[in-house]
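Working notes for the structure below.
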Amino acid sequence: MSSKRPVRWRAAAAGVAAAALATGAAACSSGSSSSAVSASATQTIVFAESGLGTEGQQTQVAINAFEKANPNIKVSIQVLSSDSTTYLSQLEHDFISGSSTPDVFESDVTYPAKFAQAGWVLPLTQFNPDTSQFFSHEVAAGTYNGTLYAVPWFDNPEGLFYRTDLIKTPPTSPAQVVSDAEAAMKADPSLKEGLAFEADKYEGAITAFLTVDSAFGGTLDPSNVNTPGNVGALSWLHDAIYVNKIAPQAVTGWQEGQVEEQFVSGYTPFAIDYPFVEAQPMAASVKGHVGYIPFPAGAGGTPGSALGGEMLAINAKTAHAAAAYKLIQYLTSAPVETARAIAVGDPPSLPSAYTSALYNAAPYFQAVKTLNTYSAPRPVTPNYLTVSSDLQTLFSSVYATPSTGAAAAALAAGASSIKSAAAATPGS
Amino acid sequence: MAADVSTGAEGRPARAGRPARAWRAWKSGRPTRRPAPVGHARERGDRRLGYALVAPVIILLLAITAYPLIYNVWNAFHFDNLSYGNLPHNFVGWKNFTAMFDSPQWVSALQRTLIFTVVTIVFDMVVGLALALMMHRQFHGRGFLRAAILVPWAMPTVVSAMLWKTMFDPSSGFVDYILAAFHPAWGSLAWVNANEWRAWAAVFIADSWKNIPFVAILLLAGLQVIPNDVYEAARMDGASWWQSFRRVTLPMLKPAISVALIFRTLQALLVFDVIYIMTGGGPGNSTETLSYLSYNTFIINTDFGLGGAMSIILVLLALAVSFVYVRAFRPDTA
């Protein structure tokens, strides 16, 4: 070997190391957080959101108005993925690297606990937010260990759609949903089923379950999912497929899009879905005959609805917390939320934003407001994604098992693993 | 070259352009390639230029391949879970690996993956070979058929999986519509996430539809390089179609078969997208494969330690399979 060869290798290795260090340094350079900048100072803040299309445009409209009202604050919009898992990964990459941007960001209702536990989001108590003005359930989704970390932006409640021409009076109990569906199927042969709901193995299966859950007195607490209420709710959904046969087995492959398609096409008198269904083109037989209610309560239960929606939170490393909170206040003010609801259909998180102007533009928001008073959040735990994954597997196995008692057996068998998935320390 | 490794007067290896090399070249009667000093300088310059040209690629490869690979190995021996982001990333030895081997979910996923791989490989190879033989024959419309067969392969798996999921939907797909012609009850069969076997059937069909053309095209390329003389000689010796297929086609197709097998086996072992789109691993977790479980552990559970261990085992499995194939299909054994 040549005597100079090792030297050359060392030089090459040093070069690569230098390049790697330089890259690393560049990547980390955004990690240092500078001292806090007051809201009155001239500054630019970065706002990360997932909005594309009309939602993105509406956000831009609101931001333009905010900048006009606050000439010292410029807002740079960072559009992240519209896929929720990818969106979360993108945010996590920023947070893990200690980046001070985005300063303020949109968050699904299931993320704040995870962000809070990791110390990635700023506690908002320092701004003394008036949480009483929002629907209380979404405030609960943004609260972790008694501290508020995210402000409700819009509040998307899942509920029960029904055909008012086929179901003359809305059902008042789960049993009546079954009997009404059976009667409607008998009376109208064009119906393909009596009930459509999301039973595919995905997040929507959790919200469909939650919509029904409180009607049976259930709560989705990961520390003990094996309760009579949860067994009752899951059994009702299971029996809708295999015992009462008001739902086809095909629901096991349906997500909210397929459920919506069944309802707007006039194939089903009942569907468990989100408010967006109201804004879809409908078959002539369905148009003008749409009712939207919380799932009716059974004995010992309360009307059911599941909370979906988006919140706004602030990066713990930001130097622009005051300006970021100012933006949050603006975006969650009643007139801005009303305008957004009229423009793109995002249901306001403030009861006061449900105005007559909104009802004139879209009357179904009256039903949405009622549903929002019932909507139950999914478990508020830093490990929600793991809990959700376990629950999806559990529900999916129940929906694929025709035998009665499948729900009770699965909840009994799966309770301990779901409890440990939600535990604050691994393996506990 | 001998001159490059011989020892010079100073006890150091002689290098190109040194007097020793020139002497030997003169003695042997062969001219030196280049005038010594100029050649040496140019060679060094060329080498530097070469390094400079490949450096960006090497750095990029190190950054996007080597670094994550090494980091993943590091993860596999540490506690690293974003769900517990406030806990220290302690060294845990083989704990992640033992947890994985002790997990019934992982063992089941391994079994499913291996069974899926074997079944899908056998099916794809047999059907792919049949299609290749068909496309190899002279007939009217052969060009169109070849192009048509390639279409599924040209489609991204995500798209084909979405298409097949819709096709298997009882209310909007064609599968049940056709089956209803055979039996009325089959007109409302739910496939995805309603029943383990039907879910696997749906995944298997979608996967094979996409991948059989790939096998067929590779084997067709192999068939086209077999000289016609060999077949003519076999025919003159009185060989039947089957004998000529067994004794001529298959042995001479061995290199193409080995390439198709390696590619398809690795694809099947690492199968993810078709399952992610069609079943999400359901019903329950009955269609979860190793890659899907690895994704779930990494991305959903954000457990980079356990996920790292899983991916290392998956890579080792893929390497072992490749090694076995490469050994089995060595040219000298052909």
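Chain labels A, B, ... are given in the sequence in which chains occur in the structure tokens; within each chain residues are numbered consecutively from 1, and ligands are likewise numbered from 1 in the order shown.
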Considering only C-alpha atoms, tabulate each residue of chain A that lies at most 7 Å from chain B along with its nearest interatomic pair and the corresponding distance in Å to one decimal; arrange the rows by chain and ascending residue number and present them as CSV.
```
residue,atom,partner,partner_atom,distance
A:Met1,CA,B:Pro13,CA,6.7
A:Ser2,CA,B:Pro13,CA,6.5
A:Val16,CA,B:Ile59,CA,6.6
A:Lys114,CA,B:Ser83,CA,6.9
A:Ala118,CA,B:Gly85,CA,5.1
A:Asp200,CA,B:Asn193,CA,6.8
A:Lys201,CA,B:Gly280,CA,6.0
A:Gln249,CA,B:Ala190,CA,5.7
A:Ala250,CA,B:Ala190,CA,4.8
A:Thr252,CA,B:Asn193,CA,5.4
A:Gly253,CA,B:Val192,CA,5.5
A:Pro382,CA,B:Ser83,CA,6.2
A:Asn383,CA,B:Ser83,CA,5.6
A:Leu385,CA,B:Ile300,CA,5.8
A:Thr386,CA,B:Asn301,CA,5.0
A:Thr393,CA,B:Gly284,CA,4.4
A:Leu394,CA,B:Gly284,CA,6.0
A:Ser396,CA,B:Gly284,CA,4.8
A:Ser397,CA,B:Gly284,CA,3.9
A:Tyr399,CA,B:Ala194,CA,6.9
A:Ala400,CA,B:Ala194,CA,4.5
```
With N, CA and C atoms retained, write the just-selected residues as a PDB file, in the first residue's frame.
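Below you can see out.pdb, which holds the result:
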```
ATOM      1  N   MET A   1       0.840  -1.218   0.000  1.00  0.00           N
ATOM      2  CA  MET A   1       0.000   0.000   0.000  1.00  0.00           C
ATOM      3  C   MET A   1       0.861   1.249   0.000  1.00  0.00           C
ATOM      4  N   SER A   2       0.433   2.208  -0.722  1.00  0.00           N
ATOM      5  CA  SER A   2       1.186   3.452  -0.781  1.00  0.00           C
ATOM      6  C   SER A   2       1.127   4.168   0.558  1.00  0.00           C
ATOM      7  N   VAL A  16     -15.879  14.193   4.371  1.00  0.00           N
ATOM      8  CA  VAL A  16     -17.260  13.708   4.526  1.00  0.00           C
ATOM      9  C   VAL A  16     -17.800  14.111   5.892  1.00  0.00           C
ATOM     10  N   LYS A 114     -50.216  14.490  23.047  1.00  0.00           N
ATOM     11  CA  LYS A 114     -48.896  13.953  22.657  1.00  0.00           C
ATOM     12  C   LYS A 114     -47.853  15.073  22.630  1.00  0.00           C
ATOM     13  N   ALA A 118     -44.598  15.715  25.333  1.00  0.00           N
ATOM     14  CA  ALA A 118     -43.216  15.798  24.851  1.00  0.00           C
ATOM     15  C   ALA A 118     -42.608  17.180  25.075  1.00  0.00           C
ATOM     16  N   ASP A 200     -64.531   0.137   8.469  1.00  0.00           N
ATOM     17  CA  ASP A 200     -63.223  -0.246   7.931  1.00  0.00           C
ATOM     18  C   ASP A 200     -62.209  -0.116   9.062  1.00  0.00           C
ATOM     19  N   LYS A 201     -61.056  -0.723   8.878  1.00  0.00           N
ATOM     20  CA  LYS A 201     -60.047  -0.639   9.933  1.00  0.00           C
ATOM     21  C   LYS A 201     -59.275   0.671   9.766  1.00  0.00           C
ATOM     22  N   GLN A 249     -72.598  -6.458   5.367  1.00  0.00           N
ATOM     23  CA  GLN A 249     -71.243  -6.784   5.815  1.00  0.00           C
ATOM     24  C   GLN A 249     -70.212  -5.905   5.096  1.00  0.00           C
ATOM     25  N   ALA A 250     -70.645  -5.317   3.979  1.00  0.00           N
ATOM     26  CA  ALA A 250     -69.739  -4.436   3.220  1.00  0.00           C
ATOM     27  C   ALA A 250     -69.261  -3.244   4.038  1.00  0.00           C
ATOM     28  N   THR A 252     -67.703  -3.201   6.557  1.00  0.00           N
ATOM     29  CA  THR A 252     -66.356  -3.486   7.071  1.00  0.00           C
ATOM     30  C   THR A 252     -65.268  -2.917   6.168  1.00  0.00           C
ATOM     31  N   GLY A 253     -65.662  -2.506   4.951  1.00  0.00           N
ATOM     32  CA  GLY A 253     -64.689  -1.873   4.055  1.00  0.00           C
ATOM     33  C   GLY A 253     -65.003  -0.408   3.814  1.00  0.00           C
ATOM     34  N   PRO A 382     -51.213  10.929  25.533  1.00  0.00           N
ATOM     35  CA  PRO A 382     -50.081  11.145  24.614  1.00  0.00           C
ATOM     36  C   PRO A 382     -49.913   9.977  23.642  1.00  0.00           C
ATOM     37  N   ASN A 383     -50.386   8.807  24.041  1.00  0.00           N
ATOM     38  CA  ASN A 383     -50.211   7.621  23.204  1.00  0.00           C
ATOM     39  C   ASN A 383     -51.466   7.315  22.407  1.00  0.00           C
ATOM     40  N   LEU A 385     -52.336   7.495  19.349  1.00  0.00           N
ATOM     41  CA  LEU A 385     -52.231   6.761  18.079  1.00  0.00           C
ATOM     42  C   LEU A 385     -52.087   5.261  18.327  1.00  0.00           C
ATOM     43  N   THR A 386     -51.350   4.889  19.366  1.00  0.00           N
ATOM     44  CA  THR A 386     -51.208   3.462  19.699  1.00  0.00           C
ATOM     45  C   THR A 386     -52.535   2.912  20.209  1.00  0.00           C
ATOM     46  N   THR A 393     -57.973  -2.434  15.581  1.00  0.00           N
ATOM     47  CA  THR A 393     -57.808  -3.880  15.411  1.00  0.00           C
ATOM     48  C   THR A 393     -58.932  -4.618  16.129  1.00  0.00           C
ATOM     49  N   LEU A 394     -59.248  -4.151  17.348  1.00  0.00           N
ATOM     50  CA  LEU A 394     -60.302  -4.794  18.141  1.00  0.00           C
ATOM     51  C   LEU A 394     -61.658  -4.691  17.429  1.00  0.00           C
ATOM     52  N   SER A 396     -62.279  -4.054  14.309  1.00  0.00           N
ATOM     53  CA  SER A 396     -62.251  -4.759  13.017  1.00  0.00           C
ATOM     54  C   SER A 396     -62.458  -6.256  13.217  1.00  0.00           C
ATOM     55  N   SER A 397     -61.848  -6.817  14.264  1.00  0.00           N
ATOM     56  CA  SER A 397     -62.037  -8.259  14.497  1.00  0.00           C
ATOM     57  C   SER A 397     -63.479  -8.560  14.900  1.00  0.00           C
ATOM     58  N   TYR A 399     -66.180  -6.830  13.953  1.00  0.00           N
ATOM     59  CA  TYR A 399     -67.041  -6.674  12.776  1.00  0.00           C
ATOM     60  C   TYR A 399     -66.869  -7.818  11.767  1.00  0.00           C
ATOM     61  N   ALA A 400     -65.794  -8.602  11.926  1.00  0.00           N
ATOM     62  CA  ALA A 400     -65.586  -9.730  11.006  1.00  0.00           C
ATOM     63  C   ALA A 400     -66.018 -11.047  11.637  1.00  0.00           C
TER      64      ALA A 400
END
```
Identify, on the basis of only C-alpha atoms, every residue whose closest approach to Arg112 in chain B does not exceed 9 Å; exclude the query and any residue fewer than 2 positions from it along the same chain; express the result as a VMD selection string.
chain B and resid 107 to 110 114 to 117 286 to 290
Long-range neighbours of range 124-129 of chain A as a ChimeraX atom specification, 10 Å cut-off, only C-alpha atoms, 6 positions minimum in chain:
/A:143,147-151,313-314,321-322,325-326,329
For range 94-101 of chain B, list every protein, DNA or RNA residue within 12 Å, evaluated using only C-alpha atoms, and leave out those in the same chain fewer than 3 positions away; present the list as number ranges by chain.
A: 427; B: 73-81, 90-91, 104-110, 290, 293-294, 297, 303-314
Mind dumping the selected residues with C-alpha atoms as an mmCIF file, in the first residue's frame?
```
data_model
loop_
_atom_site.group_PDB
_atom_site.id
_atom_site.type_symbol
_atom_site.label_atom_id
_atom_site.label_comp_id
_atom_site.auth_asym_id
_atom_site.auth_seq_id
_atom_site.Cartn_x
_atom_site.Cartn_y
_atom_site.Cartn_z
ATOM 1 C CA GLY A 427 -44.801 -1.484 30.012
ATOM 2 C CA VAL B 73 -29.053 -0.064 14.317
ATOM 3 C CA TRP B 74 -28.335 2.360 17.158
ATOM 4 C CA ASN B 75 -32.079 2.726 17.762
ATOM 5 C CA ALA B 76 -32.560 -1.043 17.869
ATOM 6 C CA PHE B 77 -30.315 -1.264 20.919
ATOM 7 C CA HIS B 78 -31.796 1.738 22.722
ATOM 8 C CA PHE B 79 -35.072 2.845 24.199
ATOM 9 C CA ASP B 80 -36.374 5.426 21.754
ATOM 10 C CA ASN B 81 -40.110 6.026 21.714
ATOM 11 C CA ASN B 90 -30.960 4.343 27.416
ATOM 12 C CA PHE B 91 -29.014 1.417 26.022
ATOM 13 C CA PRO B 104 -47.206 -13.382 19.270
ATOM 14 C CA GLN B 105 -48.184 -10.557 16.905
ATOM 15 C CA TRP B 106 -44.718 -10.530 15.345
ATOM 16 C CA VAL B 107 -44.510 -14.318 15.114
ATOM 17 C CA SER B 108 -47.941 -14.416 13.412
ATOM 18 C CA ALA B 109 -46.883 -11.642 11.019
ATOM 19 C CA LEU B 110 -43.722 -13.605 10.177
ATOM 20 C CA LEU B 290 -43.820 -7.901 8.779
ATOM 21 C CA LEU B 293 -46.166 -4.306 11.566
ATOM 22 C CA SER B 294 -42.882 -2.489 11.204
ATOM 23 C CA THR B 297 -44.453 0.195 15.243
ATOM 24 C CA ASP B 303 -41.367 3.140 18.884
ATOM 25 C CA PHE B 304 -38.086 3.540 17.022
ATOM 26 C CA GLY B 305 -36.289 0.980 19.215
ATOM 27 C CA LEU B 306 -38.633 -1.940 18.588
ATOM 28 C CA GLY B 307 -39.300 -0.738 15.027
ATOM 29 C CA GLY B 308 -35.548 -0.615 14.414
ATOM 30 C CA ALA B 309 -35.153 -4.195 15.637
ATOM 31 C CA MET B 310 -38.010 -5.299 13.380
ATOM 32 C CA SER B 311 -36.561 -3.643 10.303
ATOM 33 C CA ILE B 312 -33.110 -5.130 10.970
ATOM 34 C CA ILE B 313 -34.576 -8.630 11.098
ATOM 35 C CA LEU B 314 -36.555 -7.912 7.936
#
```
For range 62-78 of chain A, work out the shell of residues within 7 Å, counting only C-alpha atoms and skipping chain neighbours fewer than 6 positions away, then give it as a list in words.
Ser40, Ala41, Thr42, Gln43, Thr44, Ile45, Val46, Phe47, Ala48, Glu49 and Tyr330 of chain A
Only N, CA and C atoms, please: the residues just picked out, written as an mmCIF file, in the first residue's frame.
```cif
data_model
loop_
_atom_site.group_PDB
_atom_site.id
_atom_site.type_symbol
_atom_site.label_atom_id
_atom_site.label_comp_id
_atom_site.auth_asym_id
_atom_site.auth_seq_id
_atom_site.Cartn_x
_atom_site.Cartn_y
_atom_site.Cartn_z
ATOM 1 N N SER A 40 -46.016 43.721 19.680
ATOM 2 C CA SER A 40 -46.037 45.005 18.962
ATOM 3 C C SER A 40 -44.833 45.178 18.039
ATOM 4 N N ALA A 41 -43.828 44.288 18.178
ATOM 5 C CA ALA A 41 -42.635 44.409 17.335
ATOM 6 C C ALA A 41 -42.933 43.955 15.906
ATOM 7 N N THR A 42 -42.152 44.482 14.968
ATOM 8 C CA THR A 42 -42.308 44.037 13.573
ATOM 9 C C THR A 42 -41.686 42.646 13.441
ATOM 10 N N GLN A 43 -42.442 41.714 12.923
ATOM 11 C CA GLN A 43 -41.961 40.332 12.887
ATOM 12 C C GLN A 43 -42.733 39.502 11.863
ATOM 13 N N THR A 44 -42.153 38.354 11.556
ATOM 14 C CA THR A 44 -42.827 37.397 10.667
ATOM 15 C C THR A 44 -42.986 36.090 11.427
ATOM 16 N N ILE A 45 -44.197 35.563 11.415
ATOM 17 C CA ILE A 45 -44.420 34.271 12.073
ATOM 18 C C ILE A 45 -44.807 33.233 11.018
ATOM 19 N N VAL A 46 -44.454 31.978 11.311
ATOM 20 C CA VAL A 46 -44.755 30.887 10.381
ATOM 21 C C VAL A 46 -45.949 30.100 10.916
ATOM 22 N N PHE A 47 -46.938 29.950 10.062
ATOM 23 C CA PHE A 47 -48.160 29.235 10.442
ATOM 24 C C PHE A 47 -48.267 27.974 9.586
ATOM 25 N N ALA A 48 -48.191 26.799 10.219
ATOM 26 C CA ALA A 48 -48.285 25.537 9.478
ATOM 27 C C ALA A 48 -49.714 25.035 9.496
ATOM 28 N N GLU A 49 -50.189 24.659 8.318
ATOM 29 C CA GLU A 49 -51.548 24.136 8.218
ATOM 30 C C GLU A 49 -51.598 23.097 7.110
ATOM 31 N N TYR A 330 -57.371 35.776 16.604
ATOM 32 C CA TYR A 330 -58.069 36.311 15.432
ATOM 33 C C TYR A 330 -58.820 35.194 14.694
#
```
Contact residues around Asp346 in chain A with only C-alpha atoms at 8 Å, ignoring same-chain residues under 2 positions, as a PyMOL selection string:
chain A and resi 154-156+340-342+344+348
Backbone DSSP call of alpha helix (DSSP H) for range 122-152 of chain B, listed as a ChimeraX atom specification:
/B:122-136,142-152
In Å, rounded to a single decimal, give me how far CA of Ser100 in chain A is from CA of Lys317 in chain A.
4.7 Å
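Proximity of A:Thr338, A:Gly288, A:Gly232, A:Ala324 to Ser214 in chain A, computed with only C-alpha atoms, is greatest for A:Gly232.
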CA of Glu198 in chain A to CA of Tyr354 in chain A: how many Å, to one decimal?
28.0 Å
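Distances from B:Ser240, B:Gln138, B:Thr249, B:Thr120 to Phe204 in chain B were compared using only C-alpha atoms, and the smallest one belongs to B:Thr120.
For Thr404 in chain A, the list of residues within 10 Å, based on only C-alpha atoms and with local chain neighbours fewer than 4 positions off taken out, reads Ser235, His238, Asp239, Tyr242, Val243, Val398, Ala408 and Ala409 of chain A.
Reported to one decimal place, the separation of CA of Met135 in chain B from CA of Met167 in chain B is 27.3 Å.
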